[in-house]
Amino acid sequence: MTRVTFSAERNALNFELPKSWGELTQGELAMVLRCRARHGEPHQAKFAVLLHLTGLKIKRREERAWVCTVPTGGKKPQKFALDPELLPGLLDGLSWLDEPGGVPVRLDTLHGAGALPAKLHGVPFTTYLQCENCYQGILQSQKEEAVQHLATLLYPGLQKKLAVWEQLLVIQWWAQVKTIFSTLFPNFFKPSEGSGVPDMMEVMNNQIRALTGGDVTKEEEILNIDTWRALTELDAKAKEADEFNRKMKKK
């Protein structure tokens with residue numbers, strides 16, 4: 001994909017960089033995560049991403065400028081002088097890399113294993129619960145084993161151990177899922193009070209109990225319903241509980 005064009009009229013280069021994670025191709029997504037894994041410092045990672053996305057090459061330094069070339073779709077790369085003071089402005093166009101973003105994106109396959117739907121449409125509620133339990137374990141332990149477990153849930157059949165950039169892919173995907181769910185189901189995904197570590201077993205049991213109404217014979221049915229249907233119902237129940245509590249306080 002050509003990300004840079006040259007205007008002969010204005011004698012200027014136009015850099016068309018992606019504005020979000022969702023605008024990356026599959027190959028670009030893998031490349032960006034590799035850059036982030038290789039370069040821990042955000043500024044260096046963005047610079048590496050810029051070079052890969054645009055094909056920009058720095059040839060040499062001449063006085064205060066860098067002599068560079070960049071492909072623009074023509075027969076030969078366009079040669080130009082880059083003032084170092086302009087570089088931060090270019091990197092600002094990649095500032096969205098600093099956050100996971102609110103739209104779930106992931107590689108379609110990982111080591112031959114196909115991914116679940118990016119937004120978990122059609123995924124059983126039990127899989128969501130397992131993934132969330134695993135993600136909380138990652139936040140608490142920071143262990144690679146927990147990331148690997150989450151990966152096998154999101155990519156059923158995955159067996160190969162993940163590289164660092166692939167671990168970033170898995171963690172970021174689930175963080176994006178949580179962001180979109182928090183937006184769509186705000187009553188259920190309210191910020192928890194206090195800073196204590198949640199008891200995930202208690203959390204999951206409470207969610208299942210809310211959906212079954214305490215009827216254990218319905219548990220298997222509830223665990224196999226669509227994740228979005230389950231969260232829609234949990235959000236409605238949370239809203240009803242909030243409204244009931246507000247009425248009780250007024251009395």
# chains A, B, ... in the order shown; residues from 1 in each chain; ligands from 1

$ residues_around --residues "Ile138 (chain A)" --least-positions-apart "3" --cutoff "10 Å" --atoms "only C-alpha atoms" --output "PyMOL selection string"
chain A and resi 132-135+141-150+171

$ write_last_selection --atoms "C-alpha atoms" --output "short mmCIF file (atom, residue, chain, number, x, y, z; two decimals), in the first residue's frame"
data_model
loop_
_atom_site.label_atom_id
_atom_site.label_comp_id
_atom_site.auth_asym_id
_atom_site.auth_seq_id
_atom_site.Cartn_x
_atom_site.Cartn_y
_atom_site.Cartn_z
CA GLU A 132 -12.08 -12.69 31.43
CA ASN A 133 -10.90 -14.90 34.27
CA CYS A 134 -7.66 -15.49 32.41
CA TYR A 135 -7.21 -11.77 31.63
CA SER A 141 0.52 -12.32 37.81
CA GLN A 142 2.08 -10.90 34.61
CA LYS A 143 2.95 -14.51 33.72
CA GLU A 144 3.43 -15.73 30.16
CA GLU A 145 1.52 -18.91 30.99
CA ALA A 146 -1.63 -16.87 31.62
CA VAL A 147 -1.23 -15.07 28.28
CA GLN A 148 -0.71 -18.39 26.52
CA HIS A 149 -3.89 -19.74 28.10
CA LEU A 150 -5.89 -16.71 26.94
CA ILE A 171 -3.66 -8.90 25.46
#

$ closest_residue --among "A:Val67, A:Leu129, A:Leu24, A:Ala115" --to "Met201 (chain A)" --atoms "only C-alpha atoms"
A:Leu129

$ residues_around --residues "Gly122 (chain A)" --least-positions-apart "5" --cutoff "12 Å" --atoms "only C-alpha atoms" --output "PyMOL selection string"
chain A and resi 116-117+127-128+224-230

$ select_by_dssp --residues "region 25-168 of chain A" --states "strand (DSSP E or B)" --output "list in words"
Lys57, Ile58, Lys59, Arg60, Arg61, Glu62, Ala65, Trp66, Val67, Cys68, Thr69, Val70, Gln78, Lys79, Phe80, Ala81, Leu82, Thr109, Leu110, Ala113, Gly114 and Pro124 of chain A

$ residues_around --residues "Asp98 (chain A)" --least-positions-apart "5" --cutoff "12 Å" --atoms "only C-alpha atoms" --output "MDAnalysis selection string"
chainID A and resid 20:21 32:33 36 40:43 45:46 91:93 172

$ residues_around --residues "Cys131 (chain A)" --least-positions-apart "6" --cutoff "10 Å" --atoms "only C-alpha atoms" --output "JSON, numbers by chain"
{"A": [125, 137, 149, 150, 151, 152, 153, 154, 174]}

$ closest_residue --among "A:Pro104, A:Gly157, A:Pro124, A:Gly112" --to "Leu169 (chain A)" --atoms "only C-alpha atoms"
A:Pro104

$ residues_around --residues "Thr232 (chain A)" --least-positions-apart "5" --cutoff "12 Å" --atoms "only C-alpha atoms" --output "list in words"
Phe125, Phe181, Ser182, Leu184, Phe185, Pro186, Asn187, Phe188, Phe189, Leu211, Ile225, Asp226, Thr227, Lys237, Ala238 and Lys239 of chain A

$ write_last_selection --atoms "C-alpha atoms" --output "PDB file, in the first residue's frame"
ATOM      1  CA  PHE A 125     -20.880 -17.054  27.389  1.00  0.00           C
ATOM      2  CA  PHE A 181     -18.349  -3.903  26.110  1.00  0.00           C
ATOM      3  CA  SER A 182     -17.906  -1.157  28.721  1.00  0.00           C
ATOM      4  CA  LEU A 184     -22.265  -0.818  25.108  1.00  0.00           C
ATOM      5  CA  PHE A 185     -23.152  -2.232  28.531  1.00  0.00           C
ATOM      6  CA  PRO A 186     -22.361   0.653  30.920  1.00  0.00           C
ATOM      7  CA  ASN A 187     -24.710  -0.450  33.712  1.00  0.00           C
ATOM      8  CA  PHE A 188     -23.043  -3.825  34.063  1.00  0.00           C
ATOM      9  CA  PHE A 189     -19.455  -2.720  33.453  1.00  0.00           C
ATOM     10  CA  LEU A 211     -28.936 -15.112  34.642  1.00  0.00           C
ATOM     11  CA  ILE A 225     -25.929 -18.756  25.120  1.00  0.00           C
ATOM     12  CA  ASP A 226     -24.371 -16.015  23.001  1.00  0.00           C
ATOM     13  CA  THR A 227     -22.048 -13.712  24.945  1.00  0.00           C
ATOM     14  CA  LYS A 237     -30.564  -6.448  35.439  1.00  0.00           C
ATOM     15  CA  ALA A 238     -27.834  -4.085  36.684  1.00  0.00           C
ATOM     16  CA  LYS A 239     -29.890  -1.098  35.509  1.00  0.00           C
TER      17      LYS A 239
END

$ closest_residue --among "A:Thr212, A:Pro84, A:Leu110, A:Phe47" --to "Gln167 (chain A)" --atoms "only C-alpha atoms"
A:Leu110

$ closest_residue --among "A:Val105, A:Val4, A:Ile58, A:Ala37" --to "Thr72 (chain A)" --atoms "only C-alpha atoms"
A:Val4

$ select_by_dssp --residues "region 83-233 of chain A" --states "helix (DSSP H, G or I)" --output "ChimeraX atom specification"
/A:84-92,95-98,125-141,144-154,164-184,200-212,216-223,227-233

$ closest_residue --among "A:Ala163, A:Leu50, A:Ile222, A:Met204" --to "Arg34 (chain A)" --atoms "only C-alpha atoms"
A:Ala163

$ closest_residue --among "A:Pro100, A:Gly55, A:Pro77, A:Pro71" --to "Leu168 (chain A)" --atoms "only C-alpha atoms"
A:Pro100

$ atom_distance --atom1 "CA of Ala48 (chain A)" --atom2 "CA of Arg10 (chain A)"
27.7 Å
